[in-house]
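Following: one structure in structure tokens, then a few remarks.
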Amino acid sequence: MIASQTQSFIESMFVDAAKSTLVRDSTHEIAIQPAPAAPETASKKPVTGSSLLVITISSFEFRLLTLWNLPDSPALRSYYGSASSATASATGLRNVTEYFAETANLCCGALNRSLSRYVTHLGMSIPYRLNSRCEEYVDALKPQSLVCFGIRINDQFNVDATLCLCANRALEFDTNAPSADSESDTESGVLELF
């Protein structure tokens with residue numbers, strides 16, 4: 001079971017990470033809204049032509065999957081760079097997934113750093129691409145929490161993100177206590193390598 005305060009805290013950390021990393025320029029607009037989840041996740045059908053990008057953050061206590069549903073949108077391709085590619089017309093969706101993977105990796109890296117203040121021994125996967133129909137079977141993971149977000153950038157295109165949290169035990173962060181490493185990191189200038 002996941003404490004409601006911990007659940008809200010993780011969602012808030014994700015929104016903060018997304019707002020700071022998903023836009024290519026700080027003047028660009030980003031709107032992030034919780035999206036209502038279908039009663040049965042298996043009944044959720046992916047958008048035709050979409051691609052699913054997955055990044056996992058895990059510890060001994062839990063596994064958090066971020067699932068990014070990317071529509072085959074010219075505006076999205078243009079924003080994340082693949083429209084300028086000479087092969088964009090032939091392999092547009094593959095290219096937009098590759099370009100967006102770097103951005104999603106930055107977002108999950110920021111989320112990972114925020115979580116590491118409360119959880120030790122966190123690891124993060126590289127972004128990997130799945131067939132979009134795989135999202136229909138996310139219930140097979142038996143998640144304790146499944147939260148969907150609709151993300152709209154510059155009022156031009158949408159990206160759907162789902163946080164799928166699977167915990168091995170009761171999960172609760174003490175968000176009121178100062179993190180053990182925050183003071184030492186600030187003083188010593190910790191360098192993080194990927």
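Residues are named by chain letter and number: chains run A, B, ... in the order of the structure tokens, numbers start at 1 in each chain, and ligands are numbered from 1 in the order shown.
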
Those in range 62-170 of chain A with strand (DSSP E or B) from DSSP, as JSON, numbers by chain: {"A": [62, 63, 64, 65, 66, 67, 68, 69, 70, 123, 124, 128, 129, 130, 131, 145, 146, 147, 148, 149, 150, 151, 152, 153, 157, 158, 159, 160, 161, 162, 163, 164, 165, 166, 167]}

Selection above as a file: C-alpha atoms, as a PDB file, in the first residue's frame:
ATOM      1  CA  PHE A  62       9.531  -0.129  -5.582  1.00  0.00           C
ATOM      2  CA  ARG A  63       9.570   0.128  -9.371  1.00  0.00           C
ATOM      3  CA  LEU A  64       8.225   3.248 -11.071  1.00  0.00           C
ATOM      4  CA  LEU A  65       7.578   2.979 -14.801  1.00  0.00           C
ATOM      5  CA  THR A  66       7.046   6.129 -16.814  1.00  0.00           C
ATOM      6  CA  LEU A  67       5.179   5.363 -20.020  1.00  0.00           C
ATOM      7  CA  TRP A  68       5.175   8.058 -22.699  1.00  0.00           C
ATOM      8  CA  ASN A  69       2.557   7.679 -25.427  1.00  0.00           C
ATOM      9  CA  LEU A  70       3.779   9.652 -28.447  1.00  0.00           C
ATOM     10  CA  GLY A 123      18.574   2.897 -10.562  1.00  0.00           C
ATOM     11  CA  MET A 124      17.195   4.145 -13.865  1.00  0.00           C
ATOM     12  CA  TYR A 128      13.198   1.738 -24.530  1.00  0.00           C
ATOM     13  CA  ARG A 129      10.495   1.651 -27.157  1.00  0.00           C
ATOM     14  CA  LEU A 130       7.552  -0.735 -27.158  1.00  0.00           C
ATOM     15  CA  ASN A 131       4.608  -1.280 -29.429  1.00  0.00           C
ATOM     16  CA  SER A 145      -0.822   3.151  -8.323  1.00  0.00           C
ATOM     17  CA  LEU A 146      -1.540   4.139 -11.911  1.00  0.00           C
ATOM     18  CA  VAL A 147      -1.739   7.862 -12.720  1.00  0.00           C
ATOM     19  CA  CYS A 148      -2.161   9.363 -16.180  1.00  0.00           C
ATOM     20  CA  PHE A 149      -1.225  12.896 -17.240  1.00  0.00           C
ATOM     21  CA  GLY A 150      -2.110  14.818 -20.362  1.00  0.00           C
ATOM     22  CA  ILE A 151       0.729  17.143 -21.394  1.00  0.00           C
ATOM     23  CA  ARG A 152       0.184  19.914 -23.957  1.00  0.00           C
ATOM     24  CA  ILE A 153       3.035  22.068 -25.228  1.00  0.00           C
ATOM     25  CA  PHE A 157       0.474  18.890 -29.529  1.00  0.00           C
ATOM     26  CA  ASN A 158      -0.189  16.417 -26.738  1.00  0.00           C
ATOM     27  CA  VAL A 159       1.901  13.739 -25.070  1.00  0.00           C
ATOM     28  CA  ASP A 160       0.337  11.313 -22.612  1.00  0.00           C
ATOM     29  CA  ALA A 161       2.422  10.146 -19.651  1.00  0.00           C
ATOM     30  CA  THR A 162       1.504   7.366 -17.239  1.00  0.00           C
ATOM     31  CA  LEU A 163       3.184   6.701 -13.889  1.00  0.00           C
ATOM     32  CA  CYS A 164       2.907   3.031 -12.964  1.00  0.00           C
ATOM     33  CA  LEU A 165       4.133   2.367  -9.414  1.00  0.00           C
ATOM     34  CA  CYS A 166       4.693  -1.178  -8.177  1.00  0.00           C
ATOM     35  CA  ALA A 167       5.756  -1.428  -4.519  1.00  0.00           C
TER      36      ALA A 167
END

Pick from A:Ile30, A:Leu53, A:Ile2, A:Val138 nearest to Glu98 in chain A, counting only C-alpha atoms: A:Leu53

Among listed residues A:Thr103, A:Ser4, A:Ser114, A:Ser125, nearest Arg24 in chain A (using only C-alpha atoms): A:Thr103

Residue nearest Pro74 in chain A among A:Glu172, A:Val96, A:Ser59, A:Tyr137 (counting only C-alpha atoms): A:Val96

Length of the CA of Asp25 in chain A to CA of Met13 in chain A vector [Å]: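 Atom-to-atom, CA of Asp25 in chain A to CA of Met13 in chain A, that is 20.2 Å.
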
Å distance separating CA of Leu106 in chain A from CA of Thr21 in chain A, one decimal place: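 CA of Leu106 in chain A sits 6.3 Å away from CA of Thr21 in chain A.
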